Each structure stands twice: as C-alpha cells, then as structure tokens.
file data.pdb (PDB, C-alpha atoms, pLDDT in the B column)
ATOM      1  CA  PHE A1212      26.415  63.984  67.514  1.00 52.00           C
ATOM      2  CA  THR A1213      27.583  61.096  65.371  1.00 59.00           C
ATOM      3  CA  LEU A1214      31.217  60.328  64.681  1.00 67.00           C
ATOM      4  CA  PHE A1215      31.956  59.583  61.046  1.00 67.00           C
ATOM      5  CA  LEU A1216      35.120  58.232  59.483  1.00 76.00           C
ATOM      6  CA  SER A1217      35.495  58.736  55.737  1.00 71.00           C
ATOM      7  CA  GLU A1218      37.911  56.828  53.554  1.00 72.00           C
ATOM      8  CA  LYS A1219      40.329  59.756  53.967  1.00 77.00           C
ATOM      9  CA  ALA A1220      40.722  58.828  57.631  1.00 80.00           C
ATOM     10  CA  PHE A1221      42.204  55.519  56.523  1.00 85.00           C
ATOM     11  CA  LYS A1222      44.847  56.879  54.121  1.00 88.00           C
ATOM     12  CA  PRO A1223      47.634  56.979  56.741  1.00 92.00           C
ATOM     13  CA  ILE A1224      46.783  53.401  57.684  1.00 90.00           C
ATOM     14  CA  ILE A1225      47.093  52.258  54.069  1.00 88.00           C
ATOM     15  CA  PHE A1226      50.437  54.040  53.696  1.00 90.00           C
ATOM     16  CA  PHE A1227      51.901  52.978  57.076  1.00 93.00           C
ATOM     17  CA  GLN A1228      52.031  56.499  58.475  1.00 94.00           C
ATOM     18  CA  PRO A1229      51.484  57.764  62.009  1.00 96.00           C
ATOM     19  CA  PHE A1230      48.616  60.205  62.272  1.00 94.00           C
ATOM     20  CA  VAL A1231      46.987  62.999  64.189  1.00 94.00           C
ATOM     21  CA  MET A1232      43.278  62.534  63.510  1.00 90.00           C
ATOM     22  CA  PHE A1233      41.375  65.797  63.735  1.00 86.00           C
ATOM     23  CA  GLY A1234      37.649  65.271  63.959  1.00 86.00           C
ATOM     24  CA  ARG A1235      34.965  65.446  66.566  1.00 89.00           C
ATOM     25  CA  PRO A1236      36.048  64.790  70.151  1.00 93.00           C
ATOM     26  CA  GLY A1237      36.441  61.048  70.626  1.00 92.00           C
ATOM     27  CA  THR A1238      37.605  60.223  67.101  1.00 91.00           C
ATOM     28  CA  ILE A1239      40.821  58.587  68.369  1.00 93.00           C
ATOM     29  CA  LYS A1240      38.787  56.684  70.953  1.00 92.00           C
ATOM     30  CA  LEU A1241      36.411  55.481  68.217  1.00 88.00           C
ATOM     31  CA  LEU A1242      39.327  54.174  66.166  1.00 90.00           C
ATOM     32  CA  GLN A1243      40.578  52.282  69.207  1.00 93.00           C
ATOM     33  CA  GLU A1244      37.118  50.836  69.822  1.00 90.00           C
ATOM     34  CA  LEU A1245      37.103  49.640  66.214  1.00 87.00           C
ATOM     35  CA  GLY A1246      40.302  47.704  66.919  1.00 91.00           C
ATOM     36  CA  TYR A1247      42.923  50.123  65.635  1.00 93.00           C
ATOM     37  CA  LYS A1248      46.024  51.048  67.554  1.00 96.00           C
ATOM     38  CA  THR A1249      46.884  54.716  67.702  1.00 96.00           C
ATOM     39  CA  PHE A1250      50.130  56.497  68.448  1.00 97.00           C
ATOM     40  CA  GLY A1251      49.636  57.799  71.982  1.00 97.00           C
ATOM     41  CA  ASP A1252      53.050  56.468  73.002  1.00 97.00           C
ATOM     42  CA  TYR A1253      54.643  58.709  70.353  1.00 97.00           C
ATOM     43  CA  ILE A1254      52.195  61.569  69.751  1.00 97.00           C
ATOM     44  CA  ASP A1255      50.202  63.439  72.397  1.00 97.00           C
ATOM     45  CA  GLU A1256      46.583  62.425  71.739  1.00 97.00           C
ATOM     46  CA  SER A1257      45.062  64.465  74.571  1.00 97.00           C
ATOM     47  CA  TYR A1258      43.546  66.791  71.937  1.00 97.00           C
ATOM     48  CA  ASP A1259      40.947  64.071  71.265  1.00 96.00           C
ATOM     49  CA  ASN A1260      39.195  64.882  74.555  1.00 96.00           C
ATOM     50  CA  ILE A1261      38.914  68.648  74.036  1.00 97.00           C
ATOM     51  CA  GLU A1262      35.348  69.794  73.328  1.00 95.00           C
ATOM     52  CA  ASP A1263      36.105  73.270  71.927  1.00 96.00           C
ATOM     53  CA  ASP A1264      36.879  72.916  68.202  1.00 94.00           C
ATOM     54  CA  LYS A1265      39.410  75.740  68.024  1.00 96.00           C
ATOM     55  CA  THR A1266      41.288  74.584  71.130  1.00 97.00           C
ATOM     56  CA  ARG A1267      41.225  70.970  69.885  1.00 96.00           C
ATOM     57  CA  LEU A1268      42.620  72.045  66.505  1.00 95.00           C
ATOM     58  CA  TYR A1269      45.455  74.030  68.084  1.00 97.00           C
ATOM     59  CA  LYS A1270      46.327  71.125  70.374  1.00 97.00           C
ATOM     60  CA  ALA A1271      46.238  68.635  67.468  1.00 96.00           C
ATOM     61  CA  VAL A1272      48.558  70.853  65.410  1.00 97.00           C
ATOM     62  CA  GLU A1273      50.866  71.240  68.411  1.00 97.00           C
ATOM     63  CA  SER A1274      50.957  67.445  68.811  1.00 97.00           C
ATOM     64  CA  ALA A1275      51.833  66.967  65.141  1.00 96.00           C
ATOM     65  CA  LYS A1276      54.509  69.681  65.208  1.00 97.00           C
ATOM     66  CA  THR A1277      56.114  68.255  68.339  1.00 97.00           C
ATOM     67  CA  PHE A1278      56.341  64.857  66.659  1.00 97.00           C
ATOM     68  CA  ILE A1279      57.675  65.995  63.278  1.00 96.00           C
ATOM     69  CA  ASN A1280      60.172  68.467  64.736  1.00 98.00           C
ATOM     70  CA  GLN A1281      62.336  65.662  66.082  1.00 97.00           C
ATOM     71  CA  SER A1282      65.651  64.893  64.442  1.00 97.00           C
ATOM     72  CA  PRO A1283      65.624  62.712  61.316  1.00 97.00           C
ATOM     73  CA  GLU A1284      67.493  60.040  63.260  1.00 98.00           C
ATOM     74  CA  GLN A1285      64.920  60.048  66.060  1.00 98.00           C
ATOM     75  CA  LEU A1286      62.021  59.976  63.584  1.00 97.00           C
ATOM     76  CA  THR A1287      63.589  57.018  61.777  1.00 97.00           C
ATOM     77  CA  LYS A1288      63.964  55.168  65.073  1.00 98.00           C
ATOM     78  CA  LEU A1289      60.356  55.913  66.041  1.00 97.00           C
ATOM     79  CA  MET A1290      59.015  54.852  62.645  1.00 97.00           C
ATOM     80  CA  GLU A1291      60.844  51.550  63.004  1.00 97.00           C
ATOM     81  CA  GLU A1292      59.301  51.105  66.459  1.00 98.00           C
ATOM     82  CA  MET A1293      55.859  51.807  64.991  1.00 98.00           C
ATOM     83  CA  ILE A1294      56.023  49.063  62.355  1.00 98.00           C
ATOM     84  CA  PRO A1295      53.954  46.619  64.475  1.00 98.00           C
ATOM     85  CA  ILE A1296      51.247  49.304  64.857  1.00 98.00           C
ATOM     86  CA  PHE A1297      51.252  49.997  61.105  1.00 97.00           C
ATOM     87  CA  GLU A1298      50.957  46.285  60.340  1.00 97.00           C
ATOM     88  CA  HIS A1299      48.203  45.753  62.909  1.00 96.00           C
ATOM     89  CA  ASN A1300      46.154  48.683  61.606  1.00 94.00           C
ATOM     90  CA  TYR A1301      46.537  47.617  57.980  1.00 92.00           C
ATOM     91  CA  LYS A1302      45.397  44.078  58.794  1.00 91.00           C
ATOM     92  CA  THR A1303      42.497  45.432  60.840  1.00 91.00           C
ATOM     93  CA  LEU A1304      41.418  47.659  57.961  1.00 88.00           C
ATOM     94  CA  LYS A1305      41.615  44.831  55.433  1.00 84.00           C
ATOM     95  CA  THR A1306      39.699  42.486  57.742  1.00 83.00           C
ATOM     96  CA  ASN A1307      36.981  44.789  59.018  1.00 74.00           C
ATOM     97  CA  HIS A1308      36.114  47.122  56.175  1.00 69.00           C
ATOM     98  CA  ASP A1309      34.677  46.546  52.768  1.00 59.00           C
ATOM     99  CA  SER A1310      36.696  47.051  49.625  1.00 55.00           C
ATOM    100  CA  LYS A1311      34.922  50.346  48.851  1.00 60.00           C
ATOM    101  CA  ILE A1312      37.445  52.156  51.050  1.00 60.00           C
ATOM    102  CA  PHE A1313      40.321  50.698  49.037  1.00 61.00           C
ATOM    103  CA  ASP A1314      38.560  51.481  45.759  1.00 66.00           C
ATOM    104  CA  ARG A1315      38.075  55.129  46.790  1.00 66.00           C
ATOM    105  CA  LEU A1316      41.689  55.410  47.913  1.00 65.00           C
ATOM    106  CA  ARG A1317      42.885  53.993  44.584  1.00 67.00           C
ATOM    107  CA  GLU A1318      40.676  56.522  42.769  1.00 73.00           C
ATOM    108  CA  ASP A1319      42.081  59.353  44.896  1.00 69.00           C
ATOM    109  CA  MET A1320      45.652  58.225  44.198  1.00 67.00           C
ATOM    110  CA  TYR A1321      44.967  57.967  40.454  1.00 70.00           C
ATOM    111  CA  THR A1322      43.474  61.456  40.464  1.00 76.00           C
ATOM    112  CA  CYS A1323      46.450  62.874  42.390  1.00 72.00           C
ATOM    113  CA  LEU A1324      49.003  61.218  40.148  1.00 74.00           C
ATOM    114  CA  HIS A1325      47.337  62.000  36.816  1.00 77.00           C
ATOM    115  CA  THR A1326      45.725  65.370  37.362  1.00 74.00           C
ATOM    116  CA  GLY A1327      47.728  66.892  40.194  1.00 61.00           C
ATOM    117  CA  ASN A1328      44.532  67.369  42.248  1.00 55.00           C
ATOM    118  CA  ASN A1329      44.179  66.196  45.841  1.00 52.00           C
TER     119      ASN A1329
END

call {"tool": "encode", "arguments": {"input": "data.pdb", "output": "structure tokens"}}
result
Amino acid sequence: FTLFLSEKAFKPIIFFQPFVMFGRPGTIKLLQELGYKTFGDYIDESYDNIEDDKTRLYKAVESAKTFINQSPEQLTKLMEEMIPIFEHNYKTLKTNHDSKIFDRLREDMYTCLHTGNN
C-alpha cells in the first residue's frame, strides 16, 4: 500500500499544534523520514505500528485522550516545551513543500470562517 499525506495532515503543523496522526500504519514514521519531528516524548505514538485499523484507531484515540486530559497547567508547560518542535516542523513544511498546501489550507480556513463548513 502507499502512504499518502493530504494537506489536512499539515494543518496542525501550520497552527503549531501537537498531533495524533491517524492513517495507515507507518504514517508517523513517514513524517519523520520527511524531516518532521513528532511528539513521541509527549504522546504515545505506538499506535502507528498497529496493523489492525480498529485497534490502531482505538489506540490513537487513547493516546490523544491521555494527552488532553492533563491539567491546564501541565498542558501549558508541555506546549511551551514543544515550541522548538512546532518551529522546526513549520520551517520544514515551508522549505520542503510547494505552496499548493498553503493555498489549500487558506481556502479551507476561508470556507470555515465564511460558511461555517469544515
């Protein structure tokens, strides 16, 4: 099978957000191979290696819930720690990918803001 990353995969990078990337097994690994840093020090990314789709989805949701269920103070501290990762990923995206991704994201944002659709 082929791994594919749409422009939607890059939204959290544009907006300096940590992410749980649910896709085919190996999606997190692919991002790392493309030069991106992921959040394995903060979010359990073991779901990326699970072959069964249903099991992988449950594990990805569990990883996200574990992260977001921390106290606001702890989340603030972690987000501050992640700033170098956010900056690295944003620079990597701007350097390595054509402007079509940014154009599509701008279109998506315009649509969300002006029509309420997402």

call {"tool": "residues_around", "arguments": {"input": "data.pdb", "residues": "segment 1304-1306 of chain A", "least_positions_apart": "5", "cutoff": "9 Å", "atoms": "only C-alpha atoms", "output": "list in words"}}
result
Phe1221, Ile1224, Ile1225, Tyr1247, His1299 and Phe1313 of chain A

call {"tool": "atom_distance", "arguments": {"input": "data.pdb", "atom1": "atom CA of Pro1236 of chain A", "atom2": "atom CA of Pro1223 of chain A"}}
result
19.4 Å

call {"tool": "atom_distance", "arguments": {"input": "data.pdb", "atom1": "atom CA of Gly1251 of chain A", "atom2": "atom CA of Val1231 of chain A"}}
result
9.7 Å

call {"tool": "residues_around", "arguments": {"input": "data.pdb", "residues": "Met1293 of chain A", "least_positions_apart": "2", "cutoff": "10 Å", "atoms": "all atoms listed in the file", "output": "PyMOL selection string"}}
result
chain A and resi 1227-1229+1249-1250+1252-1253+1287-1291+1295-1299

call {"tool": "write_last_selection", "arguments": {"input": "data.pdb", "atoms": "C-alpha atoms", "output": "mmCIF file, keeping the file's coordinate frame"}}
result
data_model
loop_
_atom_site.group_PDB
_atom_site.id
_atom_site.type_symbol
_atom_site.label_atom_id
_atom_site.label_comp_id
_atom_site.auth_asym_id
_atom_site.auth_seq_id
_atom_site.Cartn_x
_atom_site.Cartn_y
_atom_site.Cartn_z
ATOM 1 C CA PHE A 1227 51.901 52.978 57.076
ATOM 2 C CA GLN A 1228 52.031 56.499 58.475
ATOM 3 C CA PRO A 1229 51.484 57.764 62.009
ATOM 4 C CA THR A 1249 46.884 54.716 67.702
ATOM 5 C CA PHE A 1250 50.130 56.497 68.448
ATOM 6 C CA ASP A 1252 53.050 56.468 73.002
ATOM 7 C CA TYR A 1253 54.643 58.709 70.353
ATOM 8 C CA THR A 1287 63.589 57.018 61.777
ATOM 9 C CA LYS A 1288 63.964 55.168 65.073
ATOM 10 C CA LEU A 1289 60.356 55.913 66.041
ATOM 11 C CA MET A 1290 59.015 54.852 62.645
ATOM 12 C CA GLU A 1291 60.844 51.550 63.004
ATOM 13 C CA PRO A 1295 53.954 46.619 64.475
ATOM 14 C CA ILE A 1296 51.247 49.304 64.857
ATOM 15 C CA PHE A 1297 51.252 49.997 61.105
ATOM 16 C CA GLU A 1298 50.957 46.285 60.340
ATOM 17 C CA HIS A 1299 48.203 45.753 62.909
#

call {"tool": "atom_distance", "arguments": {"input": "data.pdb", "atom1": "atom CA of Leu1286 of chain A", "atom2": "atom CA of Ser1217 of chain A"}}
result
27.7 Å

call {"tool": "closest_residue", "arguments": {"input": "data.pdb", "among": "A:Lys1302, A:Lys1219, A:Arg1235, A:His1325", "to": "Lys1248 of chain A", "atoms": "only C-alpha atoms"}}
result
A:Lys1302

call {"tool": "resolve_selection", "arguments": {"input": "data.pdb", "expression": "the PyMOL selection byres ((chain A and resi 1271) around 10)", "output": "PDB file with C-alpha atoms, keeping the file's coordinate frame"}}
result
ATOM      1  CA  VAL A1231      46.987  62.999  64.189  1.00 94.00           C
ATOM      2  CA  MET A1232      43.278  62.534  63.510  1.00 90.00           C
ATOM      3  CA  PHE A1233      41.375  65.797  63.735  1.00 86.00           C
ATOM      4  CA  GLY A1234      37.649  65.271  63.959  1.00 86.00           C
ATOM      5  CA  ILE A1254      52.195  61.569  69.751  1.00 97.00           C
ATOM      6  CA  ASP A1255      50.202  63.439  72.397  1.00 97.00           C
ATOM      7  CA  GLU A1256      46.583  62.425  71.739  1.00 97.00           C
ATOM      8  CA  SER A1257      45.062  64.465  74.571  1.00 97.00           C
ATOM      9  CA  TYR A1258      43.546  66.791  71.937  1.00 97.00           C
ATOM     10  CA  ASP A1259      40.947  64.071  71.265  1.00 96.00           C
ATOM     11  CA  ILE A1261      38.914  68.648  74.036  1.00 97.00           C
ATOM     12  CA  LYS A1265      39.410  75.740  68.024  1.00 96.00           C
ATOM     13  CA  THR A1266      41.288  74.584  71.130  1.00 97.00           C
ATOM     14  CA  ARG A1267      41.225  70.970  69.885  1.00 96.00           C
ATOM     15  CA  LEU A1268      42.620  72.045  66.505  1.00 95.00           C
ATOM     16  CA  TYR A1269      45.455  74.030  68.084  1.00 97.00           C
ATOM     17  CA  LYS A1270      46.327  71.125  70.374  1.00 97.00           C
ATOM     18  CA  VAL A1272      48.558  70.853  65.410  1.00 97.00           C
ATOM     19  CA  GLU A1273      50.866  71.240  68.411  1.00 97.00           C
ATOM     20  CA  SER A1274      50.957  67.445  68.811  1.00 97.00           C
ATOM     21  CA  ALA A1275      51.833  66.967  65.141  1.00 96.00           C
ATOM     22  CA  LYS A1276      54.509  69.681  65.208  1.00 97.00           C
ATOM     23  CA  THR A1277      56.114  68.255  68.339  1.00 97.00           C
TER      24      THR A1277
END

call {"tool": "closest_residue", "arguments": {"input": "data.pdb", "among": "A:Phe1226, A:Asn1300, A:Glu1318, A:Asn1307", "to": "Gln1243 of chain A", "atoms": "only C-alpha atoms"}}
result
A:Asn1300

call {"tool": "decode", "arguments": {"input": "data.pdb", "residues": "segment 1253-1265 of chain A", "atoms": "all heavy atoms", "output": "mmCIF file, in the first residue's frame"}}
result
data_model
loop_
_atom_site.group_PDB
_atom_site.id
_atom_site.type_symbol
_atom_site.label_atom_id
_atom_site.label_comp_id
_atom_site.auth_asym_id
_atom_site.auth_seq_id
_atom_site.Cartn_x
_atom_site.Cartn_y
_atom_site.Cartn_z
ATOM 1 N N TYR A 1253 5.826 13.157 24.253
ATOM 2 C CA TYR A 1253 4.669 13.725 24.950
ATOM 3 C C TYR A 1253 3.392 12.905 24.747
ATOM 4 O O TYR A 1253 2.501 12.919 25.583
ATOM 5 C CB TYR A 1253 4.409 15.152 24.451
ATOM 6 C CG TYR A 1253 5.615 16.035 24.571
ATOM 7 C CD1 TYR A 1253 6.483 16.233 23.499
ATOM 8 C CD2 TYR A 1253 5.914 16.662 25.783
ATOM 9 C CE1 TYR A 1253 7.597 17.041 23.627
ATOM 10 C CE2 TYR A 1253 7.027 17.472 25.916
ATOM 11 C CZ TYR A 1253 7.866 17.653 24.826
ATOM 12 O OH TYR A 1253 8.978 18.452 24.947
ATOM 13 N N ILE A 1254 3.300 12.250 23.589
ATOM 14 C CA ILE A 1254 2.109 11.499 23.211
ATOM 15 C C ILE A 1254 2.554 10.107 22.783
ATOM 16 O O ILE A 1254 3.478 9.968 21.983
ATOM 17 C CB ILE A 1254 1.369 12.191 22.043
ATOM 18 C CG1 ILE A 1254 0.924 13.611 22.449
ATOM 19 C CG2 ILE A 1254 0.170 11.365 21.600
ATOM 20 C CD1 ILE A 1254 0.415 14.452 21.284
ATOM 21 N N ASP A 1255 1.894 9.087 23.291
ATOM 22 C CA ASP A 1255 2.227 7.707 22.926
ATOM 23 C C ASP A 1255 1.931 7.489 21.439
ATOM 24 O O ASP A 1255 0.776 7.546 21.018
ATOM 25 C CB ASP A 1255 1.416 6.744 23.788
ATOM 26 C CG ASP A 1255 1.665 5.283 23.455
ATOM 27 O OD1 ASP A 1255 2.569 4.984 22.644
ATOM 28 O OD2 ASP A 1255 0.944 4.436 24.015
ATOM 29 N N GLU A 1256 2.976 7.261 20.651
ATOM 30 C CA GLU A 1256 2.827 7.062 19.214
ATOM 31 C C GLU A 1256 2.905 5.589 18.809
ATOM 32 O O GLU A 1256 3.020 5.276 17.630
ATOM 33 C CB GLU A 1256 3.895 7.865 18.459
ATOM 34 C CG GLU A 1256 3.720 9.356 18.620
ATOM 35 C CD GLU A 1256 4.806 10.175 17.931
ATOM 36 O OE1 GLU A 1256 5.895 9.628 17.651
ATOM 37 O OE2 GLU A 1256 4.553 11.361 17.677
ATOM 38 N N SER A 1257 2.795 4.688 19.771
ATOM 39 C CA SER A 1257 2.895 3.264 19.460
ATOM 40 C C SER A 1257 1.757 2.792 18.549
ATOM 41 O O SER A 1257 1.886 1.774 17.862
ATOM 42 C CB SER A 1257 2.939 2.426 20.737
ATOM 43 O OG SER A 1257 1.739 2.567 21.475
ATOM 44 N N TYR A 1258 0.652 3.537 18.497
ATOM 45 C CA TYR A 1258 -0.460 3.192 17.622
ATOM 46 C C TYR A 1258 -0.026 3.119 16.157
ATOM 47 O O TYR A 1258 -0.609 2.406 15.349
ATOM 48 C CB TYR A 1258 -1.613 4.202 17.762
ATOM 49 C CG TYR A 1258 -1.256 5.605 17.330
ATOM 50 C CD1 TYR A 1258 -1.388 5.996 16.009
ATOM 51 C CD2 TYR A 1258 -0.765 6.525 18.240
ATOM 52 C CE1 TYR A 1258 -1.039 7.276 15.598
ATOM 53 C CE2 TYR A 1258 -0.422 7.796 17.855
ATOM 54 C CZ TYR A 1258 -0.557 8.168 16.530
ATOM 55 O OH TYR A 1258 -0.205 9.436 16.135
ATOM 56 N N ASP A 1259 1.015 3.858 15.794
ATOM 57 C CA ASP A 1259 1.469 3.938 14.408
ATOM 58 C C ASP A 1259 1.959 2.596 13.871
ATOM 59 O O ASP A 1259 2.005 2.400 12.658
ATOM 60 C CB ASP A 1259 2.573 4.996 14.284
ATOM 61 C CG ASP A 1259 2.888 5.353 12.851
ATOM 62 O OD1 ASP A 1259 1.940 5.667 12.087
ATOM 63 O OD2 ASP A 1259 4.075 5.329 12.476
ATOM 64 N N ASN A 1260 2.294 1.674 14.753
ATOM 65 C CA ASN A 1260 2.811 0.368 14.341
ATOM 66 C C ASN A 1260 1.746 -0.720 14.298
ATOM 67 O O ASN A 1260 2.040 -1.854 13.924
ATOM 68 C CB ASN A 1260 3.926 -0.071 15.299
ATOM 69 C CG ASN A 1260 5.057 0.919 15.315
ATOM 70 O OD1 ASN A 1260 5.502 1.388 14.274
ATOM 71 N ND2 ASN A 1260 5.514 1.268 16.502
ATOM 72 N N ILE A 1261 0.527 -0.409 14.689
ATOM 73 C CA ILE A 1261 -0.533 -1.411 14.772
ATOM 74 C C ILE A 1261 -1.173 -1.612 13.398
ATOM 75 O O ILE A 1261 -1.633 -0.652 12.777
ATOM 76 C CB ILE A 1261 -1.588 -0.998 15.824
ATOM 77 C CG1 ILE A 1261 -0.934 -0.871 17.208
ATOM 78 C CG2 ILE A 1261 -2.751 -1.989 15.836
ATOM 79 C CD1 ILE A 1261 -1.833 -0.263 18.272
ATOM 80 N N GLU A 1262 -1.193 -2.838 12.935
ATOM 81 C CA GLU A 1262 -1.716 -3.155 11.596
ATOM 82 C C GLU A 1262 -3.240 -3.104 11.528
ATOM 83 O O GLU A 1262 -3.800 -2.624 10.549
ATOM 84 C CB GLU A 1262 -1.218 -4.531 11.145
ATOM 85 C CG GLU A 1262 0.267 -4.576 10.863
ATOM 86 C CD GLU A 1262 0.678 -3.775 9.637
ATOM 87 O OE1 GLU A 1262 -0.107 -3.688 8.662
ATOM 88 O OE2 GLU A 1262 1.798 -3.216 9.663
ATOM 89 N N ASP A 1263 -3.928 -3.628 12.545
ATOM 90 C CA ASP A 1263 -5.385 -3.678 12.532
ATOM 91 C C ASP A 1263 -5.964 -2.268 12.672
ATOM 92 O O ASP A 1263 -5.678 -1.560 13.645
ATOM 93 C CB ASP A 1263 -5.887 -4.578 13.682
ATOM 94 C CG ASP A 1263 -7.390 -4.650 13.729
ATOM 95 O OD1 ASP A 1263 -7.980 -5.272 12.819
ATOM 96 O OD2 ASP A 1263 -7.970 -4.057 14.663
ATOM 97 N N ASP A 1264 -6.786 -1.865 11.697
ATOM 98 C CA ASP A 1264 -7.307 -0.492 11.666
ATOM 99 C C ASP A 1264 -8.093 -0.124 12.921
ATOM 100 O O ASP A 1264 -7.913 0.955 13.483
ATOM 101 C CB ASP A 1264 -8.203 -0.280 10.443
ATOM 102 C CG ASP A 1264 -7.436 -0.306 9.138
ATOM 103 O OD1 ASP A 1264 -6.206 -0.119 9.149
ATOM 104 O OD2 ASP A 1264 -8.084 -0.502 8.086
ATOM 105 N N LYS A 1265 -8.974 -1.009 13.342
ATOM 106 C CA LYS A 1265 -9.814 -0.723 14.508
ATOM 107 C C LYS A 1265 -8.961 -0.583 15.768
ATOM 108 O O LYS A 1265 -9.129 0.368 16.539
ATOM 109 C CB LYS A 1265 -10.853 -1.829 14.689
ATOM 110 C CG LYS A 1265 -11.852 -1.559 15.778
ATOM 111 C CD LYS A 1265 -12.911 -2.659 15.805
ATOM 112 C CE LYS A 1265 -13.940 -2.410 16.878
ATOM 113 N NZ LYS A 1265 -14.957 -3.468 16.908
#
